[in-house]
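Visitor: Here you go, start_24.cif (mmCIF, C-alpha atoms):
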data_start
loop_
_atom_site.label_atom_id
_atom_site.label_comp_id
_atom_site.auth_asym_id
_atom_site.auth_seq_id
_atom_site.Cartn_x
_atom_site.Cartn_y
_atom_site.Cartn_z
CA MET E 1 -306.93 -95.61 -103.12
CA GLY E 2 -305.82 -99.15 -102.58
CA ILE E 3 -307.53 -102.38 -101.75
CA ILE E 4 -309.92 -102.75 -98.82
CA SER E 5 -308.57 -104.68 -95.87
CA ARG E 6 -311.24 -107.26 -95.01
CA GLY E 7 -312.56 -106.68 -91.52
CA PHE E 8 -310.43 -103.60 -90.82
CA ALA E 9 -312.38 -100.72 -89.35
CA GLY E 10 -309.58 -98.58 -87.97
CA ARG E 11 -309.89 -96.55 -84.88
CA SER E 12 -309.11 -92.87 -84.92
CA ARG E 13 -311.62 -91.70 -87.48
CA GLU E 14 -312.13 -88.08 -86.47
CA HIS E 15 -310.02 -85.86 -88.68
CA ASN E 16 -307.57 -83.74 -86.76
CA PRO E 17 -306.41 -80.83 -88.92
CA GLN E 18 -303.23 -80.56 -86.84
CA LEU E 19 -302.18 -84.03 -87.93
CA PRO E 20 -300.19 -84.29 -91.19
CA PRO E 21 -301.20 -87.06 -93.61
CA GLY E 22 -300.28 -90.57 -92.51
CA GLN E 23 -299.53 -89.59 -88.91
CA TYR E 24 -301.15 -90.84 -85.72
CA LEU E 25 -301.32 -89.20 -82.31
CA THR E 26 -299.22 -90.45 -79.44
CA GLU E 27 -299.18 -89.36 -75.83
CA ASP E 28 -295.87 -91.18 -75.42
CA PHE E 29 -292.52 -89.77 -76.47
CA PRO E 30 -290.93 -92.53 -78.55
CA VAL E 31 -287.17 -92.63 -79.02
CA LEU E 32 -285.54 -93.16 -82.39
CA SER E 33 -281.76 -93.22 -82.48
CA ALA E 34 -279.26 -95.02 -84.66
CA GLY E 35 -276.81 -95.91 -81.90
CA PRO E 36 -275.93 -95.52 -78.24
CA THR E 37 -276.98 -92.32 -76.50
CA PRO E 38 -274.03 -89.92 -76.04
CA ARG E 39 -273.71 -88.62 -72.48
CA ILE E 40 -272.51 -85.02 -72.70
CA SER E 41 -272.22 -82.82 -69.62
CA THR E 42 -273.04 -79.15 -69.89
CA ASP E 43 -269.45 -78.43 -68.75
CA GLU E 44 -268.00 -79.94 -71.90
CA TRP E 45 -270.87 -78.99 -74.20
CA GLU E 46 -270.30 -76.33 -76.80
CA PHE E 47 -272.07 -75.22 -79.92
CA THR E 48 -270.48 -73.78 -83.03
CA ILE E 49 -271.53 -72.26 -86.32
CA THR E 50 -268.85 -72.59 -88.98
CA THR E 51 -269.00 -70.50 -92.14
CA GLU E 52 -267.47 -70.93 -95.59
CA HIS E 53 -264.82 -68.37 -94.60
CA GLY E 54 -263.58 -70.70 -91.86
CA THR E 55 -264.99 -68.45 -89.16
CA VAL E 56 -266.12 -70.42 -86.12
CA HIS E 57 -268.72 -68.85 -83.86
CA ARG E 58 -268.60 -70.61 -80.53
CA TRP E 59 -270.94 -70.79 -77.50
CA SER E 60 -270.38 -72.54 -74.20
CA TRP E 61 -273.35 -73.70 -72.13
CA ALA E 62 -273.06 -70.52 -70.05
CA ASP E 63 -272.95 -68.43 -73.24
CA LEU E 64 -276.10 -70.12 -74.47
CA MET E 65 -277.92 -69.56 -71.18
CA ALA E 66 -277.02 -65.87 -71.32
CA LEU E 67 -278.90 -65.43 -74.62
CA PRO E 68 -282.63 -64.64 -74.86
CA ILE E 69 -284.52 -67.85 -74.11
CA GLU E 70 -287.86 -68.51 -75.78
CA ASP E 71 -290.79 -70.69 -74.80
CA VAL E 72 -291.84 -72.79 -77.76
CA ALA E 73 -295.19 -74.55 -78.02
CA THR E 74 -295.29 -76.74 -81.08
CA ASP E 75 -296.42 -79.98 -82.67
CA ILE E 76 -293.77 -82.55 -83.61
CA HIS E 77 -293.99 -85.18 -86.32
CA CYS E 78 -291.74 -88.24 -86.58
CA VAL E 79 -291.19 -89.98 -89.90
CA THR E 80 -292.08 -93.25 -88.14
CA ARG E 81 -295.61 -91.82 -88.08
CA TRP E 82 -296.23 -90.64 -84.57
CA SER E 83 -297.08 -87.03 -83.90
CA LYS E 84 -297.22 -85.27 -80.59
CA LEU E 85 -299.32 -82.13 -80.38
CA GLY E 86 -298.79 -79.10 -78.17
CA THR E 87 -295.37 -80.01 -76.84
CA SER E 88 -293.57 -77.34 -74.83
CA TRP E 89 -289.89 -76.53 -75.10
CA ARG E 90 -287.46 -73.83 -74.09
CA GLY E 91 -284.51 -72.84 -76.17
CA VAL E 92 -282.55 -70.19 -78.02
CA SER E 93 -283.74 -69.16 -81.47
CA LEU E 94 -281.39 -69.83 -84.38
CA ASP E 95 -282.16 -66.24 -85.42
CA THR E 96 -280.32 -65.14 -82.29
CA LEU E 97 -277.38 -67.44 -82.93
CA PHE E 98 -277.10 -66.47 -86.61
CA ALA E 99 -277.42 -62.72 -85.92
CA GLY E 100 -273.68 -62.12 -86.19
CA VAL E 101 -272.91 -64.80 -88.75
CA ASP E 102 -271.76 -63.70 -92.20
CA THR E 103 -272.49 -66.34 -94.81
CA GLY E 104 -273.47 -66.44 -98.45
CA TYR E 105 -274.31 -70.12 -98.38
CA GLY E 106 -277.91 -71.31 -98.38
CA PHE E 107 -277.64 -74.72 -96.77
CA THR E 108 -276.52 -76.14 -93.46
CA MET E 109 -275.36 -79.41 -91.98
CA ALA E 110 -276.10 -79.96 -88.31
CA HIS E 111 -273.52 -82.09 -86.49
CA SER E 112 -274.12 -83.95 -83.25
CA TYR E 113 -272.06 -85.46 -80.48
CA GLY E 114 -271.90 -89.12 -81.48
CA GLY E 115 -271.46 -88.32 -85.17
CA TYR E 116 -275.05 -87.85 -86.33
CA THR E 117 -275.62 -85.33 -89.11
CA THR E 118 -278.65 -83.87 -90.83
CA ASN E 119 -279.01 -81.22 -93.53
CA VAL E 120 -281.43 -78.28 -93.29
CA PRO E 121 -281.70 -75.31 -95.66
CA LEU E 122 -280.70 -72.11 -93.89
CA ALA E 123 -284.11 -70.58 -94.65
CA ASP E 124 -285.68 -73.32 -92.52
CA LEU E 125 -283.54 -72.42 -89.53
CA LEU E 126 -284.34 -68.70 -89.61
CA GLY E 127 -287.52 -66.65 -89.22
CA GLY E 128 -288.61 -68.04 -85.88
CA LYS E 129 -288.72 -71.64 -87.11
CA ALA E 130 -285.84 -73.32 -85.28
CA TRP E 131 -284.19 -73.38 -81.86
CA ILE E 132 -281.43 -74.95 -79.84
CA ALA E 133 -283.71 -76.53 -77.23
CA PHE E 134 -282.62 -77.66 -73.80
CA GLU E 135 -285.90 -78.09 -71.90
CA PHE E 136 -288.88 -80.28 -72.65
CA ASP E 137 -292.10 -80.09 -70.65
CA GLY E 138 -290.46 -77.96 -67.99
CA GLN E 139 -287.56 -80.35 -67.39
CA PRO E 140 -283.97 -80.48 -68.64
CA LEU E 141 -283.94 -82.47 -71.87
CA ASP E 142 -283.24 -86.18 -71.23
CA PRO E 143 -280.16 -87.62 -72.97
CA GLU E 144 -282.44 -90.13 -74.75
CA HIS E 145 -284.28 -87.21 -76.29
CA GLY E 146 -281.14 -85.32 -77.23
CA GLY E 147 -280.05 -83.59 -74.03
CA PRO E 148 -278.31 -81.51 -73.02
CA ALA E 149 -279.46 -79.70 -76.16
CA ARG E 150 -280.96 -80.58 -79.49
CA LEU E 151 -281.89 -78.76 -82.63
CA LEU E 152 -285.64 -78.14 -82.81
CA VAL E 153 -287.02 -77.66 -86.33
CA PRO E 154 -290.60 -78.73 -85.76
CA HIS E 155 -291.98 -77.89 -89.21
CA LEU E 156 -289.87 -80.72 -90.66
CA TYR E 157 -289.93 -84.40 -89.72
CA PHE E 158 -288.27 -84.83 -86.37
CA TRP E 159 -285.09 -86.54 -87.59
CA LYS E 160 -284.09 -83.05 -88.74
CA SER E 161 -284.19 -81.92 -85.11
CA ALA E 162 -280.73 -83.31 -84.43
CA LYS E 163 -280.25 -84.66 -80.90
CA TRP E 164 -277.04 -83.83 -78.99
CA VAL E 165 -276.35 -81.00 -81.44
CA ARG E 166 -272.88 -79.55 -81.28
CA GLY E 167 -272.65 -77.42 -84.37
CA ILE E 168 -273.93 -76.16 -87.68
CA GLU E 169 -271.74 -75.96 -90.73
CA MET E 170 -272.62 -73.83 -93.73
CA HIS E 171 -272.82 -75.69 -97.04
CA LYS E 172 -273.01 -74.38 -100.57
CA ARG E 173 -275.18 -77.27 -101.72
CA ASP E 174 -277.92 -79.30 -100.02
CA ASP E 175 -275.71 -82.29 -99.17
CA GLY E 176 -277.48 -85.17 -97.42
CA GLY E 177 -276.88 -85.99 -93.77
CA PHE E 178 -277.02 -89.35 -92.01
CA TRP E 179 -280.60 -90.50 -92.56
CA GLU E 180 -280.76 -88.61 -95.84
CA GLN E 181 -277.98 -90.91 -97.09
CA ASN E 182 -279.80 -93.91 -95.64
CA GLY E 183 -283.10 -93.65 -97.42
CA TYR E 184 -284.87 -90.63 -95.98
CA ASN E 185 -286.02 -87.60 -97.93
CA ILE E 186 -283.57 -84.72 -98.44
CA TYR E 187 -286.06 -82.13 -97.10
CA GLY E 188 -288.68 -83.92 -94.99
CA ASP E 189 -291.88 -81.83 -95.05
CA PRO E 190 -294.49 -83.80 -93.06
CA TRP E 191 -297.39 -82.01 -94.77
CA LEU E 192 -296.14 -83.29 -98.13
CA GLU E 193 -295.28 -86.70 -96.63
CA GLN E 194 -291.67 -86.40 -97.76
CA ARG E 195 -290.58 -89.47 -95.83
CA TYR E 196 -288.31 -91.41 -98.10
CA SER E 197 -285.89 -90.67 -100.92
CA MET Y 1 -293.71 -72.87 -94.42
CA THR Y 2 -292.09 -74.73 -97.28
CA THR Y 3 -289.47 -72.55 -98.83
CA THR Y 4 -287.01 -74.80 -100.57
CA ALA Y 5 -288.66 -78.17 -101.14
CA PRO Y 6 -286.90 -80.00 -103.97
CA PRO Y 7 -288.81 -80.71 -107.17
CA ALA Y 8 -290.75 -83.97 -107.34
CA LEU Y 9 -288.74 -86.81 -108.84
CA PRO Y 10 -289.99 -90.10 -110.30
CA LEU Y 11 -290.72 -92.52 -107.49
CA PRO Y 12 -288.27 -95.40 -107.09
CA ALA Y 13 -289.79 -98.90 -106.97
CA ARG Y 14 -289.53 -99.10 -103.20
CA SER Y 15 -291.81 -96.06 -102.86
CA VAL Y 16 -294.67 -97.65 -104.79
CA TRP Y 17 -297.41 -99.51 -102.92
CA LYS Y 18 -297.63 -103.16 -103.92
CA VAL Y 19 -300.42 -105.60 -103.16
CA GLY Y 20 -299.31 -108.65 -101.23
CA THR Y 21 -301.32 -111.80 -100.47
CA VAL Y 22 -301.06 -113.58 -97.14
CA ALA Y 23 -299.64 -117.06 -97.77
CA SER Y 24 -299.61 -118.36 -94.22
CA VAL Y 25 -299.79 -117.28 -90.61
CA ARG Y 26 -298.29 -118.94 -87.58
CA THR Y 27 -298.78 -118.26 -83.89
CA GLU Y 28 -295.39 -117.57 -82.33
CA THR Y 29 -296.24 -116.35 -78.82
CA PRO Y 30 -299.44 -115.62 -76.83
CA THR Y 31 -299.43 -112.12 -78.32
CA GLY Y 32 -297.55 -112.50 -81.57
CA ARG Y 33 -297.60 -114.27 -84.89
CA SER Y 34 -295.47 -114.51 -87.99
CA ILE Y 35 -296.99 -113.86 -91.38
CA LEU Y 36 -295.74 -114.96 -94.80
CA ILE Y 37 -296.78 -112.62 -97.60
CA ASP Y 38 -296.28 -112.97 -101.34
CA VAL Y 39 -295.59 -109.57 -102.87
CA PRO Y 40 -295.22 -109.74 -106.66
CA GLY Y 41 -292.39 -107.42 -107.69
CA TRP Y 42 -290.80 -107.28 -104.24
CA GLY Y 43 -287.49 -108.71 -105.43
CA GLY Y 44 -285.78 -109.22 -102.10
CA ASN Y 45 -284.40 -107.11 -99.29
CA LEU Y 46 -281.33 -106.77 -97.10
CA ALA Y 47 -281.31 -108.36 -93.67
CA GLY Y 48 -282.56 -105.81 -91.15
CA GLN Y 49 -284.59 -103.59 -93.46
CA HIS Y 50 -288.20 -102.65 -92.78
CA LEU Y 51 -291.31 -101.93 -94.78
CA ASP Y 52 -294.48 -99.88 -94.61
CA LEU Y 53 -297.75 -101.77 -94.37
CA ARG Y 54 -301.07 -100.11 -95.18
CA LEU Y 55 -304.57 -101.11 -94.14
CA SER Y 56 -307.66 -99.54 -95.71
CA ALA Y 57 -311.15 -99.43 -94.19
CA PRO Y 58 -314.23 -99.48 -96.46
CA ASP Y 59 -314.80 -95.74 -95.98
CA GLY Y 60 -311.31 -94.92 -97.27
CA TYR Y 61 -309.62 -94.48 -93.91
CA GLN Y 62 -306.07 -95.80 -94.01
CA ALA Y 63 -303.51 -96.69 -91.37
CA VAL Y 64 -299.83 -97.19 -92.15
CA ARG Y 65 -297.19 -98.66 -89.88
CA SER Y 66 -293.58 -99.70 -90.32
CA TYR Y 67 -292.50 -103.26 -89.55
CA SER Y 68 -289.13 -104.92 -89.57
CA ILE Y 69 -288.80 -107.77 -92.03
CA ALA Y 70 -287.90 -111.19 -90.59
CA SER Y 71 -286.83 -112.57 -93.96
CA ALA Y 72 -283.83 -111.70 -96.10
CA ALA Y 73 -284.41 -113.63 -99.29
CA THR Y 74 -284.10 -112.55 -102.89
CA GLY Y 75 -287.60 -113.46 -104.08
CA ASP Y 76 -291.11 -112.07 -103.70
CA ARG Y 77 -292.04 -113.81 -100.44
CA ILE Y 78 -291.49 -111.91 -97.23
CA GLU Y 79 -292.04 -112.76 -93.60
CA LEU Y 80 -293.16 -110.42 -90.84
CA ALA Y 81 -293.50 -111.11 -87.15
CA VAL Y 82 -295.86 -108.85 -85.24
CA ASP Y 83 -296.51 -108.45 -81.53
CA ARG Y 84 -299.97 -107.22 -80.53
CA LEU Y 85 -299.77 -103.85 -78.79
CA PRO Y 86 -302.57 -103.48 -76.22
CA ASP Y 87 -303.62 -100.08 -77.54
CA GLY Y 88 -302.56 -100.71 -81.10
CA GLU Y 89 -304.66 -99.97 -84.13
CA VAL Y 90 -302.84 -102.08 -86.73
CA SER Y 91 -301.05 -104.80 -84.76
CA PRO Y 92 -304.24 -106.34 -83.25
CA TYR Y 93 -305.65 -106.67 -86.77
CA LEU Y 94 -302.48 -108.34 -88.04
CA VAL Y 95 -302.29 -110.70 -85.06
CA ASP Y 96 -306.00 -111.52 -84.60
CA ASP Y 97 -307.88 -110.88 -87.84
CA LEU Y 98 -305.63 -111.24 -90.87
CA MET Y 99 -306.23 -114.54 -92.71
CA VAL Y 100 -304.55 -116.55 -95.44
CA GLY Y 101 -305.59 -115.16 -98.81
CA ASP Y 102 -306.16 -111.62 -97.52
CA GLU Y 103 -304.57 -108.82 -99.49
CA ILE Y 104 -302.45 -106.22 -97.82
CA GLU Y 105 -300.52 -103.25 -99.19
CA ILE Y 106 -296.77 -103.14 -98.76
CA ARG Y 107 -294.10 -100.55 -99.62
CA GLY Y 108 -290.36 -101.02 -99.37
CA PRO Y 109 -287.82 -102.29 -98.57
CA LEU Y 110 -286.78 -99.28 -96.47
CA GLY Y 111 -283.75 -98.30 -94.46
CA GLY Y 112 -280.06 -98.60 -95.24
CA TRP Y 113 -278.50 -98.37 -91.79
CA PHE Y 114 -279.64 -101.20 -89.53
CA VAL Y 115 -278.64 -103.85 -92.08
CA TRP Y 116 -276.17 -106.71 -92.32
CA ARG Y 117 -274.71 -107.46 -95.72
CA THR Y 118 -273.45 -110.96 -96.54
CA GLU Y 119 -270.09 -109.58 -97.71
CA GLN Y 120 -269.34 -108.28 -94.20
CA THR Y 121 -266.66 -110.47 -92.62
CA GLU Y 122 -266.26 -109.04 -89.10
CA PRO Y 123 -267.83 -110.86 -86.11
CA VAL Y 124 -271.44 -109.92 -85.45
CA GLN Y 125 -273.16 -109.68 -82.09
CA LEU Y 126 -276.95 -109.58 -82.19
CA ILE Y 127 -278.85 -108.52 -79.06
CA ALA Y 128 -282.65 -108.76 -79.01
CA GLY Y 129 -285.27 -107.82 -76.45
CA GLY Y 130 -288.69 -109.42 -77.06
CA SER Y 131 -290.04 -108.84 -80.55
CA GLY Y 132 -286.83 -106.93 -81.31
CA ILE Y 133 -285.68 -110.30 -82.60
CA VAL Y 134 -287.38 -109.68 -85.96
CA PRO Y 135 -284.66 -107.80 -87.91
CA LEU Y 136 -282.00 -109.88 -86.14
CA VAL Y 137 -283.51 -113.20 -87.20
CA ALA Y 138 -283.32 -111.86 -90.76
CA MET Y 139 -279.57 -111.38 -90.22
CA ALA Y 140 -279.20 -114.87 -88.75
CA ARG Y 141 -281.05 -116.31 -91.73
CA ALA Y 142 -278.95 -114.36 -94.22
CA HIS Y 143 -275.82 -115.50 -92.41
CA ALA Y 144 -276.85 -119.15 -92.64
CA ALA Y 145 -278.18 -118.97 -96.18
CA SER Y 146 -275.09 -117.25 -97.54
CA GLY Y 147 -272.66 -119.71 -95.95
CA SER Y 148 -270.90 -116.73 -94.38
CA THR Y 149 -267.98 -117.71 -92.17
CA ALA Y 150 -268.31 -114.57 -90.06
CA ARG Y 151 -268.74 -115.42 -86.39
CA PHE Y 152 -272.30 -114.67 -85.21
CA ARG Y 153 -273.62 -114.58 -81.71
CA LEU Y 154 -277.15 -113.82 -80.50
CA LEU Y 155 -278.23 -112.75 -77.05
CA TYR Y 156 -282.03 -112.97 -76.83
CA SER Y 157 -283.86 -111.61 -73.80
CA VAL Y 158 -287.47 -112.77 -73.34
CA ARG Y 159 -289.94 -112.82 -70.46
CA SER Y 160 -290.53 -116.56 -70.59
CA PRO Y 161 -289.95 -119.55 -72.90
CA GLY Y 162 -293.44 -119.01 -74.34
CA ASP Y 163 -292.52 -115.52 -75.52
CA VAL Y 164 -289.82 -116.62 -77.95
CA PHE Y 165 -290.34 -115.77 -81.61
CA PHE Y 166 -288.84 -118.27 -84.11
CA ALA Y 167 -287.92 -120.66 -81.28
CA SER Y 168 -287.42 -123.83 -83.31
CA GLU Y 169 -285.70 -122.05 -86.19
CA LEU Y 170 -283.22 -120.34 -83.88
CA ALA Y 171 -282.46 -123.71 -82.33
CA SER Y 172 -281.87 -125.22 -85.75
CA LEU Y 173 -279.63 -122.34 -86.85
CA ALA Y 174 -277.30 -122.85 -83.90
CA SER Y 175 -273.84 -123.90 -85.06
CA PRO Y 176 -270.22 -123.25 -84.14
CA ASN Y 177 -270.64 -120.09 -86.19
CA PHE Y 178 -273.89 -119.04 -84.57
CA GLU Y 179 -274.16 -119.24 -80.82
CA VAL Y 180 -277.39 -118.32 -79.03
CA THR Y 181 -277.59 -117.21 -75.40
CA TRP Y 182 -280.98 -116.89 -73.71
CA VAL Y 183 -281.95 -114.50 -70.95
CA TYR Y 184 -285.31 -115.18 -69.26
CA THR Y 185 -286.50 -112.18 -67.30
CA ARG Y 186 -289.65 -113.60 -65.61
CA GLU Y 187 -289.76 -117.37 -66.06
CA THR Y 188 -287.15 -119.90 -67.16
CA PRO Y 189 -287.52 -123.32 -68.78
CA PRO Y 190 -287.52 -126.25 -66.30
CA ASP Y 191 -284.10 -127.06 -64.83
CA TRP Y 192 -282.58 -123.85 -66.18
CA PRO Y 193 -279.22 -123.29 -64.45
CA THR Y 194 -279.87 -119.69 -63.45
CA PRO Y 195 -282.93 -117.98 -61.98
CA ALA Y 196 -285.05 -115.64 -64.08
CA GLY Y 197 -283.81 -112.07 -64.06
CA ARG Y 198 -283.16 -109.05 -66.15
CA LEU Y 199 -280.10 -108.83 -68.31
CA SER Y 200 -277.19 -107.42 -66.31
CA PRO Y 201 -273.88 -105.88 -67.40
CA ALA Y 202 -272.11 -109.00 -66.09
CA VAL Y 203 -274.26 -111.39 -68.14
CA LEU Y 204 -273.91 -109.13 -71.15
CA GLU Y 205 -270.14 -109.16 -70.87
CA ALA Y 206 -269.97 -112.92 -70.29
CA SER Y 207 -272.22 -113.88 -73.18
CA THR Y 208 -271.32 -111.52 -76.00
CA ILE Y 209 -268.37 -111.08 -78.34
CA GLY Y 210 -265.81 -108.88 -76.63
CA ALA Y 211 -264.90 -105.39 -77.78
CA SER Y 212 -261.35 -106.56 -78.56
CA GLU Y 213 -262.72 -108.60 -81.47
CA MET Y 214 -264.32 -105.45 -82.93
CA PRO Y 215 -267.71 -106.97 -83.66
CA ALA Y 216 -270.49 -105.18 -85.45
CA VAL Y 217 -273.26 -105.01 -82.84
CA PHE Y 218 -276.96 -104.79 -83.59
CA VAL Y 219 -279.35 -104.12 -80.71
CA CYS Y 220 -283.14 -104.13 -81.16
CA GLY Y 221 -285.90 -104.05 -78.58
CA PRO Y 222 -287.98 -101.79 -76.36
CA THR Y 223 -286.44 -98.37 -75.71
CA GLY Y 224 -285.46 -99.03 -72.09
CA PHE Y 225 -283.78 -102.32 -72.99
CA VAL Y 226 -281.86 -100.82 -75.88
CA GLU Y 227 -280.80 -97.76 -73.87
CA SER Y 228 -279.37 -99.92 -71.08
CA VAL Y 229 -277.65 -102.41 -73.36
CA ALA Y 230 -276.12 -99.74 -75.58
CA ASP Y 231 -274.78 -97.86 -72.55
CA TRP Y 232 -273.24 -101.05 -71.15
CA LEU Y 233 -271.69 -101.94 -74.50
CA VAL Y 234 -269.99 -98.55 -74.67
CA ALA Y 235 -268.80 -99.02 -71.07
CA LEU Y 236 -267.38 -102.42 -72.08
CA GLY Y 237 -265.25 -100.69 -74.67
CA HIS Y 238 -267.27 -101.06 -77.85
CA PRO Y 239 -266.93 -97.93 -79.99
CA ALA Y 240 -270.31 -96.20 -80.21
CA SER Y 241 -269.90 -96.23 -83.98
CA SER Y 242 -269.99 -100.03 -84.07
CA VAL Y 243 -273.22 -100.31 -82.09
CA LYS Y 244 -276.33 -99.95 -84.24
CA THR Y 245 -279.65 -99.68 -82.48
CA GLU Y 246 -283.31 -99.88 -83.28
CA ARG Y 247 -285.82 -98.99 -80.59
CA PHE Y 248 -289.56 -99.20 -80.29
CA GLY Y 249 -291.89 -97.58 -77.80
CA GLY Y 250 -291.62 -94.54 -75.60
CA LYS Y 251 -289.86 -93.76 -72.44
#
How does this structure look as structure tokens?
Guide:
Amino acid sequence: MGIISRGFAGRSREHNPQLPPGQYLTEDFPVLSAGPTPRISTDEWEFTITTEHGTVHRWSWADLMALPIEDVATDIHCVTRWSKLGTSWRGVSLDTLFAGVDTGYGFTMAHSYGGYTTNVPLADLLGGKAWIAFEFDGQPLDPEHGGPARLLVPHLYFWKSAKWVRGIEMHKRDDGGFWEQNGYNIYGDPWLEQRYS
Amino acid sequence: MTTTAPPALPLPARSVWKVGTVASVRTETPTGRSILIDVPGWGGNLAGQHLDLRLSAPDGYQAVRSYSIASAATGDRIELAVDRLPDGEVSPYLVDDLMVGDEIEIRGPLGGWFVWRTEQTEPVQLIAGGSGIVPLVAMARAHAASGSTARFRLLYSVRSPGDVFFASELASLASPNFEVTWVYTRETPPDWPTPAGRLSPAVLEASTIGASEMPAVFVCGPTGFVESVADWLVALGHPASSVKTERFGGK
């Protein structure tokens, strides 16, 4: 407990158990990106999973659309402290994409068009916890929000949900991605407030 | 849900909350003010970094927000500049209620990406929309204070002359090495040569360092502004990797 801010009453006093510590609710959908927004057409889009054996599993947009598509209702939490509750997405589960992937490695690095990277342990991508998402709120995902497709790992802070995702590479160790090398936490659990390194 | 969280490590100094004392406040615009805060143990920050600021109500309720730092000095005094958001919880308090002598909790400095380091020698183009000037003024100050010979240019888009943060300081920083171009979107100063209007690709091209000079470009402002400017910069031939952006607000 810190000092008291003279004259500060605050606003949103009712405790919302869906809100991780230090987060506030927004109805907006703020944008946080480190650079210009890549514009990738679905014609040129592809997604790969690359294993330690050098095997590259590859999906075109049409390949992705042919896979089982799931509706995902979830809360999302940004490290910059906004949370959005009950968002709706559509996408393909990483369980589906990893079904035929043979790897002994426990960590992954997601790569994006535009060069962004973020690291996620494999266990956090499997078990119904992560998707390649291409629809938000019933509409194709806007480029500003990561369209045509982004990684969706909603149980971690949202910088882990890499926009413009183009591939996942298996790693032996939990190497840090872009923000993880620029001051953010290596794992990013919002319920433990793992914001910064 | 947590399966592989790393073990807790000792917290670095920037992760520890420090108590700062407000040294002075100054009205900058009808909705914004700058605030000087003394934070013992701060020890300086890079130009462009941000911090977390925490307010605590008497019943223990706390609100934390991140703010860009307008200063880039080595000591324990920092400057913030805050614009009041109509529906904000923290910014109205900082703009309307905070007084000299008040204590406020600060954590940082944070962020290692949207920063300019004095040892960088390439030309630098700064592009600000509204209160997006804050981290960029820190870069302009660091540039001047360090005696850097890197060419700097600032393009600053504001609604009207009254909406300019750090107006007199920016005027005083102007030099052959630091050129400032103004874009007034709603209202210009008297006798301004061009009518008020939004920044256009043509004005952007005419008043910024060209891609051929390979400048480092920093763009900060509302999301719509930053999205447009960053797209135009890429269209003008700037590599996406040399355009760093910071956005605020939704879309």
Visitor: If I take CA of Phe152 (chain Y) and CA of Asp52 (chain Y), how far is one from the other in Å, to one decimal?
Guide: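 CA of Asp52 (chain Y) lies 28.3 Å from CA of Phe152 (chain Y).
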Visitor: Translate the PyMOL selection byres ((chain E and resi 93) around 10) into a concrete residue list for this structure, as a PyMOL selection string.
Guide: chain E and resi 67-72+90-92+94-98+125-133+151-152
Visitor: Which residues are near Gly108 (chain Y)? Cut-off 9 Å, only C-alpha atoms, ignore same chain within fewer than 6 positions. Put them as a ChimeraX atom specification.
Guide: /Y:13-18,42,45,49-53
Visitor: Figure out the distance between CA of Asn177 (chain Y) and CA of Thr208 (chain Y), please, to one decimal in Å.
Guide: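 Those two atoms sit 13.3 Å apart.
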Visitor: Running the PyMOL selection byres ((chain Y and resi 146) around 12) on this model by hand, what would come out? Give it as number ranges by chain.
Guide: Y: 47, 72-74, 116-121, 138-145, 147-150
Visitor: Can you give me N, CA and C atoms for region 109-119 of chain Y, written as a PDB file, keeping the file's coordinate frame?
Guide:
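Contents of selection12.pdb, freshly written:
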ATOM      1  N   PRO Y 109    -288.362-102.340 -99.934  1.00  0.00           N
ATOM      2  CA  PRO Y 109    -287.820-102.290 -98.570  1.00  0.00           C
ATOM      3  C   PRO Y 109    -287.254-100.902 -98.240  1.00  0.00           C
ATOM      4  N   LEU Y 110    -287.192-100.601 -96.948  1.00  0.00           N
ATOM      5  CA  LEU Y 110    -286.780 -99.280 -96.470  1.00  0.00           C
ATOM      6  C   LEU Y 110    -285.628 -99.406 -95.489  1.00  0.00           C
ATOM      7  N   GLY Y 111    -284.812 -98.375 -95.469  1.00  0.00           N
ATOM      8  CA  GLY Y 111    -283.750 -98.300 -94.460  1.00  0.00           C
ATOM      9  C   GLY Y 111    -282.449 -98.898 -94.961  1.00  0.00           C
ATOM     10  N   GLY Y 112    -281.362 -98.137 -94.781  1.00  0.00           N
ATOM     11  CA  GLY Y 112    -280.060 -98.600 -95.240  1.00  0.00           C
ATOM     12  C   GLY Y 112    -279.017 -98.602 -94.142  1.00  0.00           C
ATOM     13  N   TRP Y 113    -279.447 -98.518 -92.894  1.00  0.00           N
ATOM     14  CA  TRP Y 113    -278.500 -98.370 -91.790  1.00  0.00           C
ATOM     15  C   TRP Y 113    -278.432 -99.614 -90.929  1.00  0.00           C
ATOM     16  N   PHE Y 114    -279.597-100.043 -90.436  1.00  0.00           N
ATOM     17  CA  PHE Y 114    -279.640-101.200 -89.530  1.00  0.00           C
ATOM     18  C   PHE Y 114    -279.708-102.457 -90.383  1.00  0.00           C
ATOM     19  N   VAL Y 115    -278.659-102.706 -91.154  1.00  0.00           N
ATOM     20  CA  VAL Y 115    -278.640-103.850 -92.080  1.00  0.00           C
ATOM     21  C   VAL Y 115    -277.321-104.593 -91.959  1.00  0.00           C
ATOM     22  N   TRP Y 116    -277.380-105.908 -92.217  1.00  0.00           N
ATOM     23  CA  TRP Y 116    -276.170-106.710 -92.320  1.00  0.00           C
ATOM     24  C   TRP Y 116    -276.087-107.234 -93.753  1.00  0.00           C
ATOM     25  N   ARG Y 117    -274.912-107.020 -94.345  1.00  0.00           N
ATOM     26  CA  ARG Y 117    -274.710-107.460 -95.720  1.00  0.00           C
ATOM     27  C   ARG Y 117    -273.823-108.710 -95.715  1.00  0.00           C
ATOM     28  N   THR Y 118    -274.139-109.659 -96.574  1.00  0.00           N
ATOM     29  CA  THR Y 118    -273.450-110.960 -96.540  1.00  0.00           C
ATOM     30  C   THR Y 118    -271.962-110.818 -96.818  1.00  0.00           C
ATOM     31  N   GLU Y 119    -271.522-109.737 -97.442  1.00  0.00           N
ATOM     32  CA  GLU Y 119    -270.090-109.580 -97.710  1.00  0.00           C
ATOM     33  C   GLU Y 119    -269.328-109.063 -96.486  1.00  0.00           C
TER      34      GLU Y 119
END
